[in-house]
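For reference, upload18.pdb is printed below; it contains PDB, C-alpha atoms.
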ATOM      1  CA  MET A 576     -11.597   5.611   5.270
ATOM      2  CA  SER A 577     -10.121   8.974   5.972
ATOM      3  CA  ILE A 578      -9.940  12.610   5.083
ATOM      4  CA  PHE A 579      -6.410  13.703   4.417
ATOM      5  CA  PHE A 580      -4.679  16.946   5.227
ATOM      6  CA  CYS A 581      -5.438  19.704   2.733
ATOM      7  CA  ALA A 582      -2.492  20.688   0.534
ATOM      8  CA  SER A 583      -2.409  23.678  -1.773
ATOM      9  CA  LEU A 584      -0.710  21.903  -4.669
ATOM     10  CA  LEU A 585      -3.245  22.671  -7.396
ATOM     11  CA  ILE A 586      -2.196  25.507  -9.656
ATOM     12  CA  SER A 587      -3.733  28.577  -8.065
ATOM     13  CA  SER A 588      -4.607  30.168 -11.396
ATOM     14  CA  CYS A 589      -7.010  27.358 -12.368
ATOM     15  CA  THR A 590     -10.627  28.414 -12.564
ATOM     16  CA  LYS A 591     -13.345  26.489 -10.741
ATOM     17  CA  ASN A 592     -14.479  24.959 -14.034
ATOM     18  CA  ASP A 593     -10.916  23.889 -14.849
ATOM     19  CA  GLU A 594     -10.602  22.196 -11.452
ATOM     20  CA  GLN A 595     -13.943  20.444 -11.868
ATOM     21  CA  GLN A 596     -12.877  19.104 -15.274
ATOM     22  CA  LEU A 597      -9.588  17.826 -13.838
ATOM     23  CA  ASN A 598     -11.352  16.014 -11.012
ATOM     24  CA  GLU A 599     -13.912  14.431 -13.317
ATOM     25  CA  ASN A 600     -11.638  13.194 -16.091
ATOM     26  CA  SER A 601      -8.114  12.463 -14.948
ATOM     27  CA  LEU A 602      -7.753   9.913 -12.159
ATOM     28  CA  SER A 603      -9.744   7.339 -14.131
ATOM     29  CA  LYS A 604      -6.764   7.179 -16.523
ATOM     30  CA  VAL A 605      -4.383   5.834 -13.895
ATOM     31  CA  ASP A 606      -3.575   2.125 -14.403
ATOM     32  CA  VAL A 607      -4.235   0.565 -11.013
ATOM     33  CA  ASN A 608      -2.766  -2.749 -12.177
ATOM     34  CA  PHE A 609       0.508  -0.876 -12.705
ATOM     35  CA  ILE A 610       0.377   0.217  -9.060
ATOM     36  CA  GLY A 611       0.150  -3.370  -7.834
ATOM     37  CA  LYS A 612       2.968  -4.549 -10.101
ATOM     38  CA  GLU A 613       5.240  -1.659  -9.096
ATOM     39  CA  HIS A 614       4.516  -2.435  -5.456
ATOM     40  CA  ASN A 615       5.923  -5.944  -5.876
ATOM     41  CA  LYS A 616       8.939  -4.752  -7.859
ATOM     42  CA  GLY A 617       9.539  -2.218  -5.125
ATOM     43  CA  LEU A 618       9.516  -4.911  -2.446
ATOM     44  CA  ASP A 619      12.208  -6.785  -4.371
ATOM     45  CA  PHE A 620      14.223  -3.574  -4.635
ATOM     46  CA  VAL A 621      13.935  -2.976  -0.889
ATOM     47  CA  LEU A 622      14.934  -6.548  -0.073
ATOM     48  CA  ASN A 623      18.009  -6.364  -2.284
ATOM     49  CA  LYS A 624      19.050  -2.990  -0.850
ATOM     50  CA  ILE A 625      18.770  -4.282   2.704
ATOM     51  CA  LYS A 626      20.885  -7.308   1.811
ATOM     52  CA  GLU A 627      23.493  -5.135   0.097
ATOM     53  CA  ASP A 628      23.774  -2.449   2.761
ATOM     54  CA  ASN A 629      23.027  -4.232   6.043
ATOM     55  CA  LYS A 630      24.543  -7.590   6.872
ATOM     56  CA  ASN A 631      23.104  -8.033  10.369
ATOM     57  CA  SER A 632      19.812  -9.733  11.145
ATOM     58  CA  PHE A 633      16.938  -7.707  12.523
ATOM     59  CA  SER A 634      15.403  -8.476  15.891
ATOM     60  CA  ARG A 635      12.540  -7.037  17.892
ATOM     61  CA  ARG A 636      14.903  -4.395  19.218
ATOM     62  CA  SER A 637      15.599  -3.121  15.726
ATOM     63  CA  ILE A 638      12.069  -2.983  14.270
ATOM     64  CA  SER A 639      12.205   0.812  14.068
ATOM     65  CA  ASP A 640      15.533   0.637  12.209
ATOM     66  CA  PHE A 641      14.019  -1.858   9.794
ATOM     67  CA  THR A 642      10.982   0.363   9.172
ATOM     68  CA  THR A 643      13.175   3.392   8.515
ATOM     69  CA  LEU A 644      15.226   1.481   5.953
ATOM     70  CA  VAL A 645      12.137   0.154   4.177
ATOM     71  CA  GLU A 646      10.659   3.626   3.859
ATOM     72  CA  GLN A 647      13.977   5.079   2.659
ATOM     73  CA  TYR A 648      14.426   2.398   0.004
ATOM     74  CA  SER A 649      10.785   2.631  -1.075
ATOM     75  CA  LYS A 650      11.329   6.270  -1.998
ATOM     76  CA  GLU A 651      14.611   5.401  -3.690
ATOM     77  CA  TYR A 652      12.782   2.850  -5.826
ATOM     78  CA  ALA A 653      10.248   5.426  -6.995
ATOM     79  CA  LEU A 654      13.015   7.918  -7.827
ATOM     80  CA  GLU A 655      15.062   5.358  -9.742
ATOM     81  CA  ASN A 656      11.990   4.483 -11.799
ATOM     82  CA  GLY A 657      11.255   7.994 -12.964
ATOM     83  CA  LEU A 658       9.483   9.842 -10.155
ATOM     84  CA  SER A 659      10.712  13.414  -9.830
ATOM     85  CA  GLN A 660      12.383  14.549  -6.623
ATOM     86  CA  ASN A 661       9.609  17.082  -6.179
ATOM     87  CA  ASP A 662       6.838  14.488  -6.522
ATOM     88  CA  SER A 663       8.660  12.103  -4.193
ATOM     89  CA  GLU A 664       7.911  14.575  -1.403
ATOM     90  CA  LEU A 665       4.252  13.592  -1.771
ATOM     91  CA  ILE A 666       4.909  10.056  -0.497
ATOM     92  CA  LEU A 667       3.503   9.465   2.975
ATOM     93  CA  PHE A 668       3.545   6.237   4.942
ATOM     94  CA  TYR A 669       0.297   5.304   6.660
ATOM     95  CA  ASP A 670      -0.539   2.880   9.434
ATOM     96  CA  ASN A 671      -1.719  -0.595   8.538
ATOM     97  CA  THR A 672      -5.472  -0.428   9.086
ATOM     98  CA  ILE A 673      -8.021   0.826   6.578
ATOM     99  CA  ASN A 674     -10.336   2.918   8.728
ATOM    100  CA  THR A 675     -13.423   4.693   7.470
ATOM    101  CA  SER A 676     -13.565   7.147  10.337
ATOM    102  CA  SER A 677     -10.067   8.271  11.277
ATOM    103  CA  LYS A 678      -6.422   7.432  10.825
ATOM    104  CA  THR A 679      -3.061   8.918  11.655
ATOM    105  CA  SER A 680      -0.084   8.782   9.315
ATOM    106  CA  LYS A 681       3.424   8.268  10.606
ATOM    107  CA  GLU A 682       3.986  11.954   9.948
ATOM    108  CA  GLY A 683       1.299  12.638  12.553
ATOM    109  CA  ASN A 684      -1.384  14.038  10.287
ATOM    110  CA  LEU A 685      -4.817  13.339  11.757
ATOM    111  CA  MET A 686      -7.142  12.367   8.936
ATOM    112  CA  GLU A 687     -10.910  12.141   9.190
ATOM    113  CA  ASN A 688     -13.289  11.846   6.287
ATOM    114  CA  ASN A 689     -16.839  12.667   5.324
ATOM    115  CA  SER A 690     -15.905  13.300   1.699
ATOM    116  CA  PHE A 691     -16.568   9.831   0.306
ATOM    117  CA  SER A 692     -19.734   7.841  -0.220
ATOM    118  CA  LEU A 693     -21.061   5.246   2.185
ATOM    119  CA  GLU A 694     -20.706   2.758  -0.664
ATOM    120  CA  LEU A 695     -16.943   3.291  -0.819
ATOM    121  CA  GLN A 696     -16.631   3.117   2.939
ATOM    122  CA  SER A 697     -18.573  -0.158   2.971
ATOM    123  CA  LEU A 698     -16.318  -1.694   0.308
ATOM    124  CA  LEU A 699     -13.225  -0.597   2.221
ATOM    125  CA  ASP A 700     -14.631  -2.097   5.418
ATOM    126  CA  ASP A 701     -15.110  -5.381   3.543
ATOM    127  CA  LEU A 702     -11.556  -5.201   2.205
ATOM    128  CA  ASN A 703     -10.287  -4.496   5.699
ATOM    129  CA  SER A 704     -12.026  -7.639   6.965
ATOM    130  CA  LEU A 705      -9.369  -9.752   5.208
ATOM    131  CA  SER A 706      -7.502  -9.796   8.501
ATOM    132  CA  ALA A 707     -10.500 -11.002  10.528
ATOM    133  CA  SER A 708     -10.143 -14.184  12.574
ATOM    134  CA  ASP A 709     -12.830 -16.017  10.582
ATOM    135  CA  LYS A 710     -10.381 -16.082   7.646
ATOM    136  CA  ASP A 711      -7.437 -17.559   9.561
ATOM    137  CA  ASP A 712      -7.737 -20.906   7.777
ATOM    138  CA  TRP A 713      -7.870 -19.417   4.277
ATOM    139  CA  GLU A 714      -5.364 -20.250   1.560
ATOM    140  CA  ILE A 715      -4.038 -17.610  -0.798
ATOM    141  CA  ASN A 716      -6.646 -18.335  -3.482
ATOM    142  CA  ASP A 717      -9.399 -17.721  -0.940
ATOM    143  CA  TYR A 718      -8.024 -14.246  -0.306
ATOM    144  CA  LEU A 719      -7.594 -13.507  -4.009
ATOM    145  CA  ASN A 720     -11.104 -14.666  -4.864
ATOM    146  CA  TYR A 721     -12.560 -12.571  -2.060
ATOM    147  CA  ILE A 722     -10.791  -9.449  -3.345
ATOM    148  CA  SER A 723     -11.918 -10.178  -6.913
ATOM    149  CA  ASP A 724     -15.522 -10.409  -5.697
ATOM    150  CA  LEU A 725     -15.178  -6.986  -4.062
ATOM    151  CA  GLU A 726     -13.714  -5.596  -7.288
ATOM    152  CA  ASN A 727     -16.737  -6.871  -9.208
ATOM    153  CA  GLN A 728     -18.991  -5.101  -6.724
ATOM    154  CA  ALA A 729     -17.011  -1.899  -7.154
ATOM    155  CA  ASN A 730     -17.198  -2.133 -10.960
ATOM    156  CA  ASN A 731     -20.981  -2.441 -10.761
ATOM    157  CA  SER A 732     -21.360   0.334  -8.203
ATOM    158  CA  ASP A 733     -22.081   4.051  -8.385
ATOM    159  CA  LEU A 734     -18.613   5.002  -7.153
ATOM    160  CA  SER A 735     -17.136   8.129  -8.710
ATOM    161  CA  ASP A 736     -13.922   7.928 -10.724
ATOM    162  CA  GLU A 737     -11.982   9.217  -7.719
ATOM    163  CA  GLU A 738     -13.543   6.607  -5.431
ATOM    164  CA  LYS A 739     -12.812   3.811  -7.900
ATOM    165  CA  PHE A 740      -9.207   5.018  -8.116
ATOM    166  CA  ILE A 741      -8.974   4.808  -4.320
ATOM    167  CA  PHE A 742     -10.608   1.404  -3.970
ATOM    168  CA  PHE A 743      -8.840  -0.296  -6.876
ATOM    169  CA  SER A 744      -5.480   1.089  -5.783
ATOM    170  CA  GLY A 745      -5.998  -0.785  -2.519
ATOM    171  CA  SER A 746      -7.381  -3.975  -4.026
ATOM    172  CA  SER A 747      -4.661  -4.189  -6.695
ATOM    173  CA  VAL A 748      -1.941  -3.776  -4.097
ATOM    174  CA  ALA A 749      -3.594  -6.297  -1.761
ATOM    175  CA  LYS A 750      -3.729  -8.994  -4.445
ATOM    176  CA  ASN A 751      -0.215  -8.391  -5.674
ATOM    177  CA  SER A 752       1.094  -8.265  -2.119
ATOM    178  CA  LEU A 753      -0.419 -11.626  -1.194
ATOM    179  CA  GLU A 754       1.058 -13.238  -4.294
ATOM    180  CA  TYR A 755       4.429 -11.640  -3.602
ATOM    181  CA  TRP A 756       4.687 -12.865  -0.028
ATOM    182  CA  ASP A 757       3.493 -16.326  -1.013
ATOM    183  CA  ASN A 758       6.438 -16.565  -3.433
ATOM    184  CA  ASN A 759       9.137 -14.695  -1.527
ATOM    185  CA  ILE A 760       8.663 -15.429   2.153
ATOM    186  CA  ALA A 761      11.864 -17.469   2.472
ATOM    187  CA  GLU A 762      14.182 -14.666   1.349
ATOM    188  CA  TRP A 763      12.638 -12.126   3.714
ATOM    189  CA  THR A 764      12.643 -14.550   6.623
ATOM    190  CA  GLU A 765      16.446 -14.788   6.409
ATOM    191  CA  LEU A 766      16.662 -11.121   7.468
ATOM    192  CA  PHE A 767      15.293 -11.814  10.931
ATOM    193  CA  GLU A 768      16.363 -13.435  14.168
ATOM    194  CA  ASP A 769      14.053 -15.375  16.429
ATOM    195  CA  THR A 770      13.823 -14.705  20.168
ATOM    196  CA  GLY A 771      16.892 -16.890  20.731
ATOM    197  CA  GLY A 772      19.028 -14.856  18.329
ATOM    198  CA  ASP A 773      19.063 -17.516  15.590
ATOM    199  CA  ARG A 774      18.311 -16.938  11.925
ATOM    200  CA  MET A 775      14.695 -17.722  11.182
ATOM    201  CA  SER A 776      13.279 -20.348   8.852
ATOM    202  CA  ALA A 777      10.273 -19.924   6.576
ATOM    203  CA  ARG A 778       9.023 -23.417   7.425
ATOM    204  CA  GLY A 779       5.511 -23.307   8.817
ATOM    205  CA  PHE A 780       5.093 -19.563   8.339
ATOM    206  CA  TRP A 781       1.956 -19.865   6.235
ATOM    207  CA  ASP A 782       0.111 -21.633   9.051
ATOM    208  CA  SER A 783       1.432 -19.265  11.724
ATOM    209  CA  PHE A 784       0.985 -15.868  10.065
ATOM    210  CA  ASN A 785      -2.099 -13.726   9.636
ATOM    211  CA  TRP A 786      -1.672 -13.316   5.888
ATOM    212  CA  GLY A 787      -4.823 -11.260   5.539
ATOM    213  CA  ALA A 788      -3.227  -8.665   7.813
ATOM    214  CA  ILE A 789      -0.139  -8.590   5.577
ATOM    215  CA  GLY A 790      -2.213  -7.934   2.464
ATOM    216  CA  ILE A 791      -4.370  -5.360   4.210
ATOM    217  CA  SER A 792      -1.335  -3.509   5.510
ATOM    218  CA  ASP A 793      -0.236  -2.758   1.958
ATOM    219  CA  ALA A 794      -3.792  -2.026   0.839
ATOM    220  CA  ALA A 795      -4.116   0.518   3.630
ATOM    221  CA  GLY A 796      -0.963   2.274   2.499
ATOM    222  CA  ALA A 797      -2.276   2.433  -1.059
ATOM    223  CA  VAL A 798      -5.747   3.589  -0.020
ATOM    224  CA  GLY A 799      -4.344   6.264   2.247
ATOM    225  CA  MET A 800      -2.039   7.657  -0.438
ATOM    226  CA  ALA A 801      -4.656   7.442  -3.203
ATOM    227  CA  ALA A 802      -7.238   9.225  -1.063
ATOM    228  CA  ASN A 803      -4.711  11.902  -0.191
ATOM    229  CA  LEU A 804      -3.997  12.539  -3.866
ATOM    230  CA  ALA A 805      -7.701  12.592  -4.704
ATOM    231  CA  LEU A 806      -8.752  14.902  -1.907
ATOM    232  CA  ASN A 807      -6.094  17.557  -2.140
ATOM    233  CA  GLY A 808      -6.224  17.752  -5.933
ATOM    234  CA  THR A 809      -2.611  16.759  -6.464
ATOM    235  CA  GLY A 810      -3.533  13.532  -8.258
ATOM    236  CA  ALA A 811      -5.823  15.336 -10.679
ATOM    237  CA  ALA A 812      -3.144  17.921 -11.419
ATOM    238  CA  MET A 813      -0.516  15.208 -12.037
ATOM    239  CA  ALA A 814      -2.872  13.106 -14.186
ATOM    240  CA  ALA A 815      -3.793  16.123 -16.308
ATOM    241  CA  THR A 816      -0.193  16.303 -17.524
ATOM    242  CA  GLY A 817      -0.629  13.045 -19.427
ATOM    243  CA  PRO A 818       0.928   9.555 -19.313
ATOM    244  CA  GLY A 819       3.988  10.713 -17.384
ATOM    245  CA  GLY A 820       1.728  12.044 -14.662
ATOM    246  CA  TRP A 821      -0.266   8.814 -14.563
ATOM    247  CA  VAL A 822       2.942   6.830 -14.065
ATOM    248  CA  GLY A 823       4.048   9.287 -11.391
ATOM    249  CA  ILE A 824       0.812   8.753  -9.485
ATOM    250  CA  GLY A 825       1.316   5.000  -9.695
ATOM    251  CA  LEU A 826       4.840   5.257  -8.316
ATOM    252  CA  VAL A 827       3.731   7.529  -5.466
ATOM    253  CA  VAL A 828       0.943   5.149  -4.416
ATOM    254  CA  ALA A 829       3.106   2.049  -4.868
ATOM    255  CA  ALA A 830       5.964   3.494  -2.820
ATOM    256  CA  ALA A 831       3.612   4.492   0.001
ATOM    257  CA  SER A 832       2.281   0.934   0.202
ATOM    258  CA  ILE A 833       5.599  -0.946   0.041
ATOM    259  CA  GLY A 834       6.615  -0.278   3.618
ATOM    260  CA  SER A 835       3.318  -1.300   5.141
ATOM    261  CA  SER A 836       3.428  -5.042   4.527
ATOM    262  CA  ALA A 837       7.207  -5.280   4.995
ATOM    263  CA  THR A 838       6.779  -3.770   8.444
ATOM    264  CA  ALA A 839       3.705  -5.915   9.166
ATOM    265  CA  PHE A 840       5.640  -9.008   8.093
ATOM    266  CA  ALA A 841       8.561  -8.059  10.312
ATOM    267  CA  ALA A 842       6.313  -7.402  13.297
ATOM    268  CA  GLN A 843       4.842 -10.898  13.042
ATOM    269  CA  ALA A 844       8.154 -12.588  12.218
ATOM    270  CA  MET A 845       9.840 -11.110  15.269
ATOM    271  CA  THR A 846       7.259 -12.654  17.592
ATOM    272  CA  MET A 847       7.647 -16.189  16.208
TER     273      MET A 847
END
Write out the structure in this file as structure tokens.
Amino acid sequence: MSIFFCASLLISSCTKNDEQQLNENSLSKVDVNFIGKEHNKGLDFVLNKIKEDNKNSFSRRSISDFTTLVEQYSKEYALENGLSQNDSELILFYDNTINTSSKTSKEGNLMENNSFSLELQSLLDDLNSLSASDKDDWEINDYLNYISDLENQANNSDLSDEEKFIFFSGSSVAKNSLEYWDNNIAEWTELFEDTGGDRMSARGFWDSFNWGAIGISDAAGAVGMAANLALNGTGAAMAATGPGGWVGIGLVVAAASIGSSATAFAAQAMTM
């Protein structure tokens, strides 16, 4: 996993006891299933915006343009669904590998972590293994069952509320992402050109793609954002405000994870 840059977003007048109570009681109230569902709705929003605003196909030469659009529209989705402009500034986009030692966000923040338990790091390593070559012949239900098994382990573990929030944010997004791409691959494929400049077809994509890497890309975005919120205290402060804060956290984490799999999908599609 990772340790994320320290931000001074907790109210400075809180006492140490107040901060401890926030950290212990608030993040467990966030609905991680909501995060996964909003992630998929956000992908649909991004797809429709790209179709509305950009008529040209994307090629390998325009991968950076595609990524920029996805990140822009991901934030727009969160804002249109109730996230405040101020809270939208919290959204960061992370690279597509869950790493328990170090990671760098696209904003360039170096993140290293000794703040979480070995148990969480082990579960995240197992989640990250979805993209391993020994799973290349898996079908979607194999991936979903594997993630559900990890979730059962996490439920029966000694993870803290904050660690469960981090892990289940990633696992919920991973499951929803895999289901989304299984159902919507054809529409996204039409956005891209192959190496000959022709529009691409979705035929045969399941056999050719590393789908575990697609799911893990989104999970990494969710894990990175959830850990950031947990470590710097922002998530606890937002959650303490009640249901509106819980929804805000969900939108922040969902938006951060949307761009990861869209970019990972594009990167693979453009090499077909």
Open item on the list: Given the point (14.5, -10.2, 6.2) in the file's coordinates, find the residues that have an atom at most 8 Å from it, counting all atoms listed in the file, and give them as an MDAnalysis selection string.
Closed with: chainID A and resid 622 632:633 762:767 841
Residues from the last selection, C-alpha atoms, saved as a short mmCIF file (atom, residue, chain, number, x, y, z; two decimals), in the coordinates of the input:
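Listing of result_33.cif after writing:
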data_model
loop_
_atom_site.label_atom_id
_atom_site.label_comp_id
_atom_site.auth_asym_id
_atom_site.auth_seq_id
_atom_site.Cartn_x
_atom_site.Cartn_y
_atom_site.Cartn_z
CA LEU A 622 14.93 -6.55 -0.07
CA SER A 632 19.81 -9.73 11.14
CA PHE A 633 16.94 -7.71 12.52
CA GLU A 762 14.18 -14.67 1.35
CA TRP A 763 12.64 -12.13 3.71
CA THR A 764 12.64 -14.55 6.62
CA GLU A 765 16.45 -14.79 6.41
CA LEU A 766 16.66 -11.12 7.47
CA PHE A 767 15.29 -11.81 10.93
CA ALA A 841 8.56 -8.06 10.31
#
- [ ] For Ile791 of chain A, please output as a ChimeraX atom specification all residues within 7 Å (counting all atoms listed in the file; exclusion window: fewer than 2 positions along the same chain).
- [x] /A:671,703,705-706,749,787-789,793-795
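Using only C-alpha atoms, the residues found no farther than 7 Å from Val645 of chain A, other than those of its own chain fewer than 3 positions away, are Val621, Phe641, Thr642, Tyr648, Ser649 and Gly834 of chain A.
Counting only C-alpha atoms, the residue from A:Ser601, A:Asn661, A:Asn656, A:Ser832 that sits nearest to Met813 of chain A is A:Ser601.
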Once the PyMOL selection byres ((chain A and resi 798) around 9) has been applied to the shown file, what residues remain in the selection, as a compact mmCIF listing (two decimals) with C-alpha atoms, in the frame of the given file?
# COMPACT_ATOMS: atom_id res chain seq x y z
CA MET A 576 -11.60 5.61 5.27
CA ILE A 673 -8.02 0.83 6.58
CA LEU A 699 -13.22 -0.60 2.22
CA PHE A 740 -9.21 5.02 -8.12
CA ILE A 741 -8.97 4.81 -4.32
CA PHE A 742 -10.61 1.40 -3.97
CA PHE A 743 -8.84 -0.30 -6.88
CA SER A 744 -5.48 1.09 -5.78
CA GLY A 745 -6.00 -0.78 -2.52
CA SER A 746 -7.38 -3.98 -4.03
CA ASP A 793 -0.24 -2.76 1.96
CA ALA A 794 -3.79 -2.03 0.84
CA ALA A 795 -4.12 0.52 3.63
CA GLY A 796 -0.96 2.27 2.50
CA ALA A 797 -2.28 2.43 -1.06
CA GLY A 799 -4.34 6.26 2.25
CA MET A 800 -2.04 7.66 -0.44
CA ALA A 801 -4.66 7.44 -3.20
CA ALA A 802 -7.24 9.22 -1.06
CA ASN A 803 -4.71 11.90 -0.19
CA VAL A 828 0.94 5.15 -4.42
CA SER A 832 2.28 0.93 0.20
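Among the candidates A:Asn807, A:Ser792, A:Ser835, A:Gln696, the one nearest to Leu734 of chain A when counting all atoms listed in the file is A:Gln696.
Each of A:Ala842, A:Ala707, A:Ala837, A:Ile824 was compared to Ser659 of chain A using only C-alpha atoms, and A:Ile824 turns out to be the nearest.
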Task: Residues near Asn716 of chain A, cut-off 10 Å, only C-alpha atoms, skip fewer than 5 positions along chain, as a VMD selection string - done: chain A and resid 721 to 722 750 753 to 754
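Of the listed residues (A:Gly790, A:Glu613, A:Asp662, A:Tyr652), A:Gly790 comes nearest to Thr838 of chain A; the distances count all atoms listed in the file.
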